[in-house]
Structure formats: structure tokens, C-alpha cells
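Written below as C-alpha cells is the structure these notes are about.
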Amino acid sequence: YGADHGPAVSGAHNTIVTARAGKDLISSLCSGLLTIGQRFGGASDDAARQFTQAYDAGMSAKSFVDTMRREKKLIMGIGHKIKSVENPDMRVEILKKHVREHFKATPLLDFALQVEKVTTAKKSNLILNVDGMIAVAFIDMMTSCGAFTTAEVQEYIEIGVLNGLFVLGRSIGFIGHWIDQKILKSGLYRHDASDISYLNAVESRR
């Protein structure tokens, strides 16, 4: 999960830039990890929070979707840039199969899949994505295994434990980028002039 999406995301980019500045593995890895936050990472924590709150409140899937739309809020864990109903994310399919086969109960997954039916009826790529799948699976695991109280499950959601899974997966990818740059003996990174030359940007708009 999330090991690497290529060099374009902020964390990978920072890791590469730092590696090419001659820094060591730990410094480069930290540079990448420090970009993780609300815009890059954190979706699983928010998805767990949103789905759990809606389910515990007894909301129907349609009511949940309608409420989020009315409040102009994104449903975290729903939607993918490339994957869709016609082109499913196999990570989600594998996780879904595992959860169905091994978990005692899957109420939050069932609710999330009902939400997916509502959202994909509007647009095909508004699927339950891997962040959402991990979120609901993690909560179902804790609530059904008998080892956690409801209050403990809620505390894990609130302190952001699920983002730790994102950090673990991304760390592997970032380390891979650092190794690549060292093996390639890449020189100091400089940003492309066309992206930072304000005079050129002004000329192009004329």
C-alpha cells in the first residue's frame, strides 16, 4: 500500500532533491516524510472518522452522501483519478476479499460499499479507494476482534494511527528513490527555468 507513486508527489520529490544535494538516507527520508499532512496523506484517518461517525449516527448511505454534499465537504476515501467501476483498483479488491474471508463482522465496510453505490451512480470513478478501504477494514478489525472497547477504537481514530500505515508504505518508496539517486550519481537538482521564470510567464500570456 502506497509504497511509491513515482517521483511527482511532494514526499518523493523532496526525498530526491535532498538526496541529490548529497544528504544521507535519514535526512533525505525525513525531508520527504515532513511533507505528509492534510494534502498528502491523512486520507485514511479522515475516512475512518467520517464513515464511523455516519454509521454510528444511523445514517443511510444516501443521507450521508447528501449531507456531505450539502455541507460542501469531500468524502475522504472515495474517488480515484484513474481507477473506476470499469477499471477497479486491485489493491481494494484483494483487501475486500481478505476482509470478507477473515473478519468476524464487516459493518463499516458494508456501509462504505453502500456509499460507493450512491457515489458511483453519479460518476464512475467515485469508488471506495485504497485509503477508504484500509480505513473501514482497520475499524472493522478492531471492533470485531474483541480486543478493543468502543472508546479505545475512537481514540485510535482521533490520534491518527491510520496515517502510520501511510508513513510506513511511503517510507519504502522514498528509500527506493534515495537509492536510485545514489546509484545514478545524480548531481544537484535545479528547478526547470521555464517553471520559475516570471518574465517568460508574462510573455507567454501576451
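Residue names in the C-alpha cells use chain letters A, B, ... in the order shown, residue numbers from 1 in each chain, and ligand numbers from 1 in the order shown.
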
Distance table requested - stretch 38-72 of chain A against stretch 15-34 of chain A, cut-off 12 Å, only C-alpha atoms: one row per qualifying residue with the closest atom pair and its distance in Å to one decimal, ordered by chain and rising residue number, as a Markdown table.
```
| residue | atom | partner | partner_atom | distance |
| --- | --- | --- | --- | --- |
| A:Gln38 | CA | A:Leu34 | CA | 11.6 |
| A:Arg39 | CA | A:Leu34 | CA | 11.9 |
| A:Phe40 | CA | A:Leu33 | CA | 9.9 |
| A:Gly41 | CA | A:Leu33 | CA | 9.9 |
```

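Residues surrounding A:Thr106 within 6 Å are Leu108, Leu109 and Asp140 of chain A [only C-alpha atoms; sequence separation below 2 positions excluded].
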
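Between A:Phe166 and the candidates A:Asp192, A:Asp45, A:Glu93, A:Asp66, the tightest atom-to-atom separation, counting only C-alpha atoms, involves A:Asp45.
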
Stretch 13-120 of chain A residues near stretch 142-158 of chain A within 7 Å, closest pair each, using only C-alpha atoms, as a Markdown table:
```
| residue | atom | partner | partner_atom | distance |
| --- | --- | --- | --- | --- |
| A:Asp45 | CA | A:Ile157 | CA | 6.3 |
| A:Ala48 | CA | A:Ile157 | CA | 6.7 |
| A:Arg49 | CA | A:Ile157 | CA | 6.4 |
| A:Lys104 | CA | A:Ser144 | CA | 5.9 |
| A:Ala105 | CA | A:Ser144 | CA | 5.8 |
```

The selected residues should be written to file as a PDB file, in the first residue's frame (atoms: N, CA, C and O atoms).
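Final output, saved to again-v8.pdb:
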```
ATOM      1  N   ASP A  45      -7.205   8.315   7.952  1.00  0.00           N
ATOM      2  CA  ASP A  45      -7.700   8.800   9.243  1.00  0.00           C
ATOM      3  C   ASP A  45      -9.027   9.532   9.081  1.00  0.00           C
ATOM      4  O   ASP A  45      -9.984   9.287   9.820  1.00  0.00           O
ATOM      5  N   ALA A  48     -11.825   7.073   8.095  1.00  0.00           N
ATOM      6  CA  ALA A  48     -12.274   6.312   9.267  1.00  0.00           C
ATOM      7  C   ALA A  48     -13.195   7.149  10.136  1.00  0.00           C
ATOM      8  O   ALA A  48     -14.236   6.679  10.619  1.00  0.00           O
ATOM      9  N   ARG A  49     -12.819   8.409  10.312  1.00  0.00           N
ATOM     10  CA  ARG A  49     -13.606   9.318  11.152  1.00  0.00           C
ATOM     11  C   ARG A  49     -14.986   9.582  10.532  1.00  0.00           C
ATOM     12  O   ARG A  49     -16.021   9.479  11.203  1.00  0.00           O
ATOM     13  N   LYS A 104     -14.629 -11.240  11.526  1.00  0.00           N
ATOM     14  CA  LYS A 104     -15.876 -11.747  12.110  1.00  0.00           C
ATOM     15  C   LYS A 104     -17.084 -10.958  11.642  1.00  0.00           C
ATOM     16  O   LYS A 104     -18.166 -11.505  11.465  1.00  0.00           O
ATOM     17  N   ALA A 105     -16.926  -9.672  11.498  1.00  0.00           N
ATOM     18  CA  ALA A 105     -18.021  -8.809  11.056  1.00  0.00           C
ATOM     19  C   ALA A 105     -17.447  -7.629  10.294  1.00  0.00           C
ATOM     20  O   ALA A 105     -16.333  -7.182  10.575  1.00  0.00           O
TER      21      ALA A 105
END
```

Which residues in stretch 13-194 of chain A does DSSP call alpha helix (DSSP H)? List them as a PyMOL selection string. chain A and resi 13-20+25-33+43-56+61-70+90-102+107-120+130-144+150-159+162-184+193-194

Within 8 Å of A:Met76, counting only C-alpha atoms, which residues qualify if same-chain residues fewer than 6 places away don't, as a tab-separated table (two decimals) with all heavy atoms, in the first residue's frame?
```tsv
chain	number	residue	atom	x	y	z
A	43	ALA	N	-5.62	10.66	4.49
A	43	ALA	CA	-6.96	10.34	4.00
A	43	ALA	C	-7.60	9.18	4.77
A	43	ALA	O	-8.81	9.18	5.01
A	43	ALA	CB	-6.91	10.00	2.51
A	44	SER	N	-6.80	8.20	5.17
A	44	SER	CA	-7.36	7.05	5.89
A	44	SER	C	-7.91	7.45	7.25
A	44	SER	O	-8.98	6.98	7.67
A	44	SER	CB	-6.30	5.95	6.06
A	44	SER	OG	-6.03	5.33	4.82
A	46	ASP	N	-9.10	10.42	8.09
A	46	ASP	CA	-10.32	11.18	7.86
A	46	ASP	C	-11.45	10.29	7.39
A	46	ASP	O	-12.61	10.48	7.76
A	46	ASP	CB	-10.06	12.30	6.85
A	46	ASP	CG	-9.20	13.42	7.42
A	46	ASP	OD1	-9.17	13.57	8.65
A	46	ASP	OD2	-8.55	14.13	6.63
A	47	ALA	N	-11.12	9.30	6.54
A	47	ALA	CA	-12.15	8.37	6.06
A	47	ALA	C	-12.71	7.56	7.23
A	47	ALA	O	-13.92	7.37	7.34
A	47	ALA	CB	-11.55	7.44	5.00
A	50	GLN	N	-15.00	9.88	9.24
A	50	GLN	CA	-16.27	10.21	8.58
A	50	GLN	C	-17.21	9.02	8.50
A	50	GLN	O	-18.40	9.14	8.84
A	50	GLN	CB	-15.99	10.75	7.17
A	50	GLN	CG	-15.36	12.13	7.14
A	50	GLN	CD	-15.08	12.59	5.72
A	50	GLN	OE1	-15.25	11.85	4.75
A	50	GLN	NE2	-14.64	13.84	5.58
A	132	GLY	N	-9.73	4.56	1.71
A	132	GLY	CA	-11.01	4.28	2.34
A	132	GLY	C	-11.15	2.83	2.74
A	132	GLY	O	-11.68	2.51	3.82
```

Which residue of A:Ile36, A:Ile175, A:Val118, A:Leu162 approaches A:Ile134 most closely, using only C-alpha atoms: A:Leu162

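Across A:Ala135, A:Ile82, A:Tyr198, A:Leu126, the tightest approach to A:Lys96 is made by A:Ala135 when counting only C-alpha atoms.
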
Using only C-alpha atoms: which of A:Ala12, A:Leu168, A:Val99, A:Ile78 has the shortest distance to A:Gln181: A:Ala12

Proximity to A:Gln114 - best of A:Ser60, A:Gly37, A:Leu184, A:Ala193, only C-alpha atoms: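 Ranking A:Ser60, A:Gly37, A:Leu184, A:Ala193 by distance to A:Gln114, first place goes to A:Ser60.
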
Can you pull out every residue within 7 Å of stretch 119-125 of chain A, counting only C-alpha atoms, but drop anything in the same chain fewer than 6 positions away, and send it as JSON, numbers by chain? {"A": [79, 80, 83, 84, 85]}

Limited to all heavy atoms, could you put the picked residues into a file as a short mmCIF file (atom, residue, chain, number, x, y, z; two decimals), in the first residue's frame?
```cif
data_model
loop_
_atom_site.label_atom_id
_atom_site.label_comp_id
_atom_site.auth_asym_id
_atom_site.auth_seq_id
_atom_site.Cartn_x
_atom_site.Cartn_y
_atom_site.Cartn_z
N GLY A 79 -13.22 8.01 -4.33
CA GLY A 79 -12.74 8.66 -5.55
C GLY A 79 -11.31 8.32 -5.91
O GLY A 79 -10.47 8.10 -5.04
N HIS A 80 -11.07 8.22 -7.22
CA HIS A 80 -9.72 7.93 -7.73
C HIS A 80 -9.56 8.60 -9.08
O HIS A 80 -10.50 8.68 -9.87
CB HIS A 80 -9.51 6.42 -7.86
CG HIS A 80 -8.08 6.02 -7.96
ND1 HIS A 80 -7.36 6.12 -9.12
CD2 HIS A 80 -7.22 5.51 -7.03
CE1 HIS A 80 -6.12 5.70 -8.91
NE2 HIS A 80 -6.01 5.33 -7.66
N LYS A 83 -8.66 4.93 -11.43
CA LYS A 83 -9.48 3.73 -11.21
C LYS A 83 -10.96 4.07 -11.18
O LYS A 83 -11.36 5.19 -10.83
CB LYS A 83 -9.06 3.04 -9.92
CG LYS A 83 -7.60 2.59 -9.90
CD LYS A 83 -7.31 1.59 -11.00
CE LYS A 83 -5.85 1.14 -10.98
NZ LYS A 83 -5.57 0.16 -12.05
N SER A 84 -11.78 3.08 -11.54
CA SER A 84 -13.22 3.29 -11.63
C SER A 84 -13.95 1.96 -11.51
O SER A 84 -13.31 0.91 -11.32
CB SER A 84 -13.57 3.93 -12.98
OG SER A 84 -13.24 3.04 -14.04
N VAL A 85 -15.26 1.99 -11.64
CA VAL A 85 -16.05 0.76 -11.62
C VAL A 85 -15.59 -0.16 -12.75
O VAL A 85 -15.46 -1.38 -12.57
CB VAL A 85 -17.55 1.07 -11.77
CG1 VAL A 85 -18.36 -0.21 -11.95
CG2 VAL A 85 -18.06 1.85 -10.56
#
```
